[in-house]
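S.K.: File follows, model.pdb with PDB, C-alpha atoms, pLDDT in the B column:
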ATOM      1  CA  MET A  28      66.251 -56.095 -86.180  1.00 53.00           C
ATOM      2  CA  GLU A  29      67.451 -52.625 -87.084  1.00 56.00           C
ATOM      3  CA  ASP A  30      64.127 -51.931 -88.804  1.00 53.00           C
ATOM      4  CA  TYR A  31      62.330 -52.550 -85.527  1.00 50.00           C
ATOM      5  CA  ILE A  32      64.727 -50.539 -83.402  1.00 55.00           C
ATOM      6  CA  GLU A  33      64.762 -47.565 -85.763  1.00 53.00           C
ATOM      7  CA  GLY A  34      62.684 -44.714 -84.384  1.00 52.00           C
ATOM      8  CA  MET A  35      62.841 -45.991 -80.829  1.00 53.00           C
ATOM      9  CA  TYR A  36      64.631 -42.928 -79.530  1.00 54.00           C
ATOM     10  CA  GLU A  37      62.482 -41.665 -76.719  1.00 52.00           C
ATOM     11  CA  SER A  38      63.245 -39.441 -73.761  1.00 56.00           C
ATOM     12  CA  ASP A  39      60.379 -40.823 -71.667  1.00 63.00           C
ATOM     13  CA  SER A  40      61.504 -44.191 -70.287  1.00 74.00           C
ATOM     14  CA  LEU A  41      57.938 -45.541 -69.978  1.00 79.00           C
ATOM     15  CA  LYS A  42      57.236 -44.769 -73.624  1.00 81.00           C
ATOM     16  CA  LEU A  43      60.532 -46.355 -74.611  1.00 81.00           C
ATOM     17  CA  ARG A  44      59.681 -49.443 -72.573  1.00 84.00           C
ATOM     18  CA  GLN A  45      56.281 -49.663 -74.284  1.00 88.00           C
ATOM     19  CA  LYS A  46      57.838 -49.206 -77.731  1.00 87.00           C
ATOM     20  CA  THR A  47      60.359 -51.928 -76.953  1.00 88.00           C
ATOM     21  CA  TYR A  48      57.597 -54.219 -75.717  1.00 92.00           C
ATOM     22  CA  ASP A  49      55.584 -53.533 -78.880  1.00 92.00           C
ATOM     23  CA  SER A  50      58.637 -54.228 -81.047  1.00 92.00           C
ATOM     24  CA  PHE A  51      59.263 -57.607 -79.428  1.00 94.00           C
ATOM     25  CA  SER A  52      55.565 -58.459 -79.702  1.00 94.00           C
ATOM     26  CA  LEU A  53      55.784 -57.677 -83.416  1.00 94.00           C
ATOM     27  CA  LEU A  54      58.918 -59.794 -83.805  1.00 94.00           C
ATOM     28  CA  ILE A  55      57.133 -62.742 -82.195  1.00 95.00           C
ATOM     29  CA  LYS A  56      54.133 -62.282 -84.466  1.00 95.00           C
ATOM     30  CA  LYS A  57      56.147 -61.853 -87.680  1.00 95.00           C
ATOM     31  CA  PHE A  58      58.803 -64.496 -86.993  1.00 94.00           C
ATOM     32  CA  PRO A  59      57.177 -67.318 -84.987  1.00 93.00           C
ATOM     33  CA  LYS A  60      59.724 -69.855 -86.267  1.00 92.00           C
ATOM     34  CA  SER A  61      62.787 -67.688 -85.696  1.00 91.00           C
ATOM     35  CA  GLU A  62      65.826 -69.192 -84.001  1.00 88.00           C
ATOM     36  CA  ASN A  63      65.660 -66.101 -81.759  1.00 90.00           C
ATOM     37  CA  LEU A  64      62.089 -66.763 -80.583  1.00 92.00           C
ATOM     38  CA  SER A  65      63.235 -67.677 -77.057  1.00 91.00           C
ATOM     39  CA  PHE A  66      65.036 -64.346 -76.799  1.00 92.00           C
ATOM     40  CA  TYR A  67      62.010 -62.432 -78.130  1.00 94.00           C
ATOM     41  CA  LEU A  68      59.602 -64.156 -75.733  1.00 95.00           C
ATOM     42  CA  TYR A  69      61.904 -63.813 -72.741  1.00 94.00           C
ATOM     43  CA  THR A  70      62.409 -60.104 -73.388  1.00 93.00           C
ATOM     44  CA  LYS A  71      58.685 -59.558 -73.913  1.00 95.00           C
ATOM     45  CA  GLY A  72      58.044 -61.315 -70.589  1.00 95.00           C
ATOM     46  CA  CYS A  73      60.558 -59.076 -68.832  1.00 93.00           C
ATOM     47  CA  LEU A  74      58.873 -55.984 -70.268  1.00 93.00           C
ATOM     48  CA  ALA A  75      55.268 -57.095 -69.700  1.00 93.00           C
ATOM     49  CA  ASP A  76      53.231 -54.969 -67.296  1.00 91.00           C
ATOM     50  CA  LYS A  77      50.820 -57.786 -66.497  1.00 94.00           C
ATOM     51  CA  ILE A  78      52.193 -60.606 -64.368  1.00 94.00           C
ATOM     52  CA  GLU A  79      50.080 -63.299 -66.042  1.00 96.00           C
ATOM     53  CA  GLU A  80      51.324 -62.237 -69.464  1.00 96.00           C
ATOM     54  CA  ALA A  81      54.916 -62.340 -68.231  1.00 95.00           C
ATOM     55  CA  LYS A  82      54.396 -65.818 -66.762  1.00 96.00           C
ATOM     56  CA  SER A  83      52.907 -66.976 -70.049  1.00 96.00           C
ATOM     57  CA  CYS A  84      55.942 -65.727 -71.983  1.00 96.00           C
ATOM     58  CA  PHE A  85      58.377 -67.438 -69.606  1.00 96.00           C
ATOM     59  CA  LYS A  86      56.431 -70.714 -69.747  1.00 96.00           C
ATOM     60  CA  GLU A  87      56.484 -70.583 -73.539  1.00 95.00           C
ATOM     61  CA  VAL A  88      60.266 -70.079 -73.469  1.00 95.00           C
ATOM     62  CA  ILE A  89      60.558 -73.232 -71.355  1.00 95.00           C
ATOM     63  CA  GLN A  90      58.382 -75.179 -73.812  1.00 93.00           C
ATOM     64  CA  ILE A  91      60.472 -74.049 -76.800  1.00 91.00           C
ATOM     65  CA  ASN A  92      63.651 -75.004 -74.929  1.00 79.00           C
ATOM     66  CA  ASN A  93      66.087 -73.739 -77.599  1.00 57.00           C
ATOM     67  CA  TRP A  94      68.582 -71.850 -75.472  1.00 67.00           C
ATOM     68  CA  SER A  95      69.190 -73.096 -71.962  1.00 76.00           C
ATOM     69  CA  TYR A  96      70.246 -69.566 -70.932  1.00 84.00           C
ATOM     70  CA  TYR A  97      66.715 -68.237 -71.422  1.00 90.00           C
ATOM     71  CA  VAL A  98      65.099 -71.374 -70.018  1.00 91.00           C
ATOM     72  CA  ILE A  99      67.113 -71.083 -66.798  1.00 90.00           C
ATOM     73  CA  HIS A 100      66.331 -67.384 -66.461  1.00 91.00           C
ATOM     74  CA  SER A 101      62.654 -68.049 -67.203  1.00 94.00           C
ATOM     75  CA  TYR A 102      62.563 -70.586 -64.369  1.00 94.00           C
ATOM     76  CA  VAL A 103      64.201 -68.027 -62.078  1.00 93.00           C
ATOM     77  CA  ARG A 104      61.609 -65.405 -63.032  1.00 95.00           C
ATOM     78  CA  LEU A 105      58.757 -67.865 -62.509  1.00 96.00           C
ATOM     79  CA  SER A 106      60.162 -68.905 -59.131  1.00 95.00           C
ATOM     80  CA  TRP A 107      60.340 -65.229 -58.152  1.00 94.00           C
ATOM     81  CA  PHE A 108      56.658 -64.809 -59.024  1.00 96.00           C
ATOM     82  CA  ALA A 109      55.834 -67.956 -57.032  1.00 96.00           C
ATOM     83  CA  VAL A 110      57.671 -66.635 -53.957  1.00 95.00           C
ATOM     84  CA  LYS A 111      55.902 -63.317 -54.344  1.00 94.00           C
ATOM     85  CA  ASP A 112      52.595 -65.253 -54.360  1.00 95.00           C
ATOM     86  CA  LYS A 113      53.829 -67.242 -51.324  1.00 96.00           C
ATOM     87  CA  ASP A 114      53.613 -70.477 -53.304  1.00 96.00           C
ATOM     88  CA  PHE A 115      56.895 -71.886 -52.027  1.00 96.00           C
ATOM     89  CA  LYS A 116      56.267 -75.424 -53.309  1.00 97.00           C
ATOM     90  CA  LEU A 117      55.952 -74.122 -56.851  1.00 96.00           C
ATOM     91  CA  ALA A 118      59.037 -71.923 -56.441  1.00 94.00           C
ATOM     92  CA  LEU A 119      61.011 -74.950 -55.233  1.00 95.00           C
ATOM     93  CA  GLN A 120      59.722 -76.987 -58.169  1.00 96.00           C
ATOM     94  CA  TYR A 121      60.982 -74.336 -60.626  1.00 94.00           C
ATOM     95  CA  LEU A 122      64.368 -74.175 -58.904  1.00 92.00           C
ATOM     96  CA  ASN A 123      64.642 -77.976 -58.880  1.00 92.00           C
ATOM     97  CA  ASN A 124      63.989 -77.968 -62.616  1.00 91.00           C
ATOM     98  CA  ILE A 125      67.029 -75.723 -63.031  1.00 87.00           C
ATOM     99  CA  GLU A 126      69.135 -78.151 -61.012  1.00 86.00           C
ATOM    100  CA  LYS A 127      68.114 -81.017 -63.297  1.00 86.00           C
ATOM    101  CA  MET A 128      69.125 -79.132 -66.436  1.00 83.00           C
ATOM    102  CA  GLU A 129      72.490 -79.483 -68.061  1.00 75.00           C
ATOM    103  CA  GLN A 130      74.709 -76.846 -66.534  1.00 69.00           C
ATOM    104  CA  PRO A 131      76.571 -74.436 -68.806  1.00 64.00           C
ATOM    105  CA  SER A 132      80.185 -75.189 -69.612  1.00 66.00           C
ATOM    106  CA  PHE A 133      82.854 -72.527 -69.831  1.00 60.00           C
ATOM    107  CA  HIS A 134      85.979 -72.334 -71.925  1.00 66.00           C
ATOM    108  CA  CYS A 135      87.673 -69.581 -69.962  1.00 64.00           C
ATOM    109  CA  GLY A 136      87.458 -67.808 -66.630  1.00 62.00           C
ATOM    110  CA  VAL A 137      85.874 -64.704 -68.132  1.00 66.00           C
ATOM    111  CA  GLU A 138      82.767 -66.624 -69.248  1.00 65.00           C
ATOM    112  CA  LEU A 139      82.409 -68.161 -65.796  1.00 64.00           C
ATOM    113  CA  GLU A 140      82.859 -64.805 -64.062  1.00 67.00           C
ATOM    114  CA  THR A 141      80.278 -63.209 -66.353  1.00 69.00           C
ATOM    115  CA  TYR A 142      77.797 -66.009 -65.679  1.00 63.00           C
ATOM    116  CA  GLN A 143      78.305 -65.809 -61.912  1.00 65.00           C
ATOM    117  CA  SER A 144      78.010 -62.034 -62.022  1.00 66.00           C
ATOM    118  CA  GLN A 145      74.683 -62.302 -63.863  1.00 63.00           C
ATOM    119  CA  LEU A 146      73.382 -64.783 -61.303  1.00 61.00           C
ATOM    120  CA  LYS A 147      74.308 -62.486 -58.413  1.00 60.00           C
ATOM    121  CA  LYS A 148      72.715 -59.415 -59.993  1.00 54.00           C
ATOM    122  CA  TYR A 149      69.669 -61.170 -61.422  1.00 50.00           C
ATOM    123  CA  PRO A 150      67.200 -60.963 -58.490  1.00 47.00           C
ATOM    124  CA  THR A 151      67.630 -57.198 -58.205  1.00 41.00           C
ATOM    125  CA  ARG A 152      66.451 -56.701 -61.797  1.00 43.00           C
ATOM    126  CA  MET A 153      62.997 -58.205 -61.264  1.00 46.00           C
TER     127      MET A 153
END
How does the structure come out when it is put into structure tokens?
M.R.:
Amino acid sequence: MEDYIEGMYESDSLKLRQKTYDSFSLLIKKFPKSENLSFYLYTKGCLADKIEEAKSCFKEVIQINNWSYYVIHSYVRLSWFAVKDKDFKLALQYLNNIEKMEQPSFHCGVELETYQSQLKKYPTRM
């Protein structure tokens, strides 16, 4: 990963965002069977400028279904796009899919607080 991050120092945030996007695109291309593929796809979707490309990345994360963390957040992102498109039935379908998934378990209060904190802050980062 360090090889891909090296040289990404950029003062212009849009250029940095594009370089980061390009790096994750390269990771996906070079390591399509990586155990981190869900992370790469999810991050690429978050950085994508085109909504359809972002949706495609999130849907692929759901199909891979390796890490429930990224699957849940992909459903949340897709539901946000559906609400934005005023397709409330589809948004509800995505949210219902989250409800049906196995919920994360926590071994201490800090993990739970971190998870809840992420859920509260999540919609503002879209």
S.K.: CA of Ser52 (chain A) to CA of Lys71 (chain A): how many Å, to one decimal?
M.R.: 6.7 Å
S.K.: Work out how far apart CA of Ser50 (chain A) and CA of Asn63 (chain A) are and give it in Å to one decimal.
M.R.: 13.8 Å
S.K.: One number please: CA of Leu64 (chain A) to CA of Asp114 (chain A), in Å, one decimal.
M.R.: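 These two atoms are separated by 28.8 Å.
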S.K.: Could you check which of A:His100, A:Lys56, A:Lys77, A:Arg44 is closest to Tyr121 (chain A), using only C-alpha atoms?
M.R.: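 Distance minimum relative to Tyr121 (chain A) lands on A:His100.
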S.K.: Once the PyMOL selection byres ((chain A and resi 122) around 12) is applied to the coordinates I shared, what remains selected? I want it as an MDAnalysis selection string.
M.R.: chainID A and resid 98:107 109:110 115:121 123:128
S.K.: As AutoDock Vina command-line options, what would the box around region 104-107 of chain A look like: edges along x, y and z, 5 Å added on every side, centre and edge lengths in Å to one decimal?
M.R.:
--center_x 60.2 --center_y -67.1 --center_z -60.6 --size_x 12.9 --size_y 13.7 --size_z 14.9
S.K.: I'd like the neighbourhood of Ser83 (chain A) as a list of chain:residue names, where a residue qualifies if any of its atoms comes within 10 Å (using all atoms listed in the file), though same-chain residues fewer than 6 positions away should be ignored.
M.R.: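 Everything that qualifies: A:Leu68, A:Tyr69, A:Gly72, A:Ile89, A:Leu105.
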S.K.: Could you write those residues out with C-alpha atoms, as a PDB file, keeping the file's coordinate frame?
M.R.:
ATOM      1  CA  LEU A  68      59.602 -64.156 -75.733  1.00 95.00           C
ATOM      2  CA  TYR A  69      61.904 -63.813 -72.741  1.00 94.00           C
ATOM      3  CA  GLY A  72      58.044 -61.315 -70.589  1.00 95.00           C
ATOM      4  CA  ILE A  89      60.558 -73.232 -71.355  1.00 95.00           C
ATOM      5  CA  LEU A 105      58.757 -67.865 -62.509  1.00 96.00           C
TER       6      LEU A 105
END
S.K.: Using all atoms listed in the file, which residue out of A:Phe108, A:Phe58, A:Val88, A:Leu74 lies closest to Lys42 (chain A)?
M.R.: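 Using all atoms listed in the file, Lys42 (chain A) sits closest to A:Leu74.
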S.K.: Which residues are close to Asp49 (chain A), i.e. within 10 Å by all atoms listed in the file, leaving aside same-chain residues fewer than 4 positions away? Reply as a list of chain:residue names.
M.R.: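 Near Asp49 (chain A), the qualifying residues are A:Tyr31, A:Leu43, A:Arg44, A:Gln45, A:Leu53, A:Leu54, A:Ile55, A:Lys71, A:Leu74, A:Ala75.
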S.K.: So, counting only C-alpha atoms, which residue among A:Ile78, A:Ser65, A:Pro59, A:Thr47 is closest to Asn92 (chain A)?
M.R.: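 So, comparing all the options, the nearest one is A:Ser65.
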S.K.: Given all atoms listed in the file as the basis, pick out the residue of A:Ser61, A:Phe85, A:Leu41, A:Phe51 nearest to Tyr97 (chain A).
M.R.: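 Of A:Ser61, A:Phe85, A:Leu41, A:Phe51, the one nearest Tyr97 (chain A) is A:Phe85, counting all atoms listed in the file.
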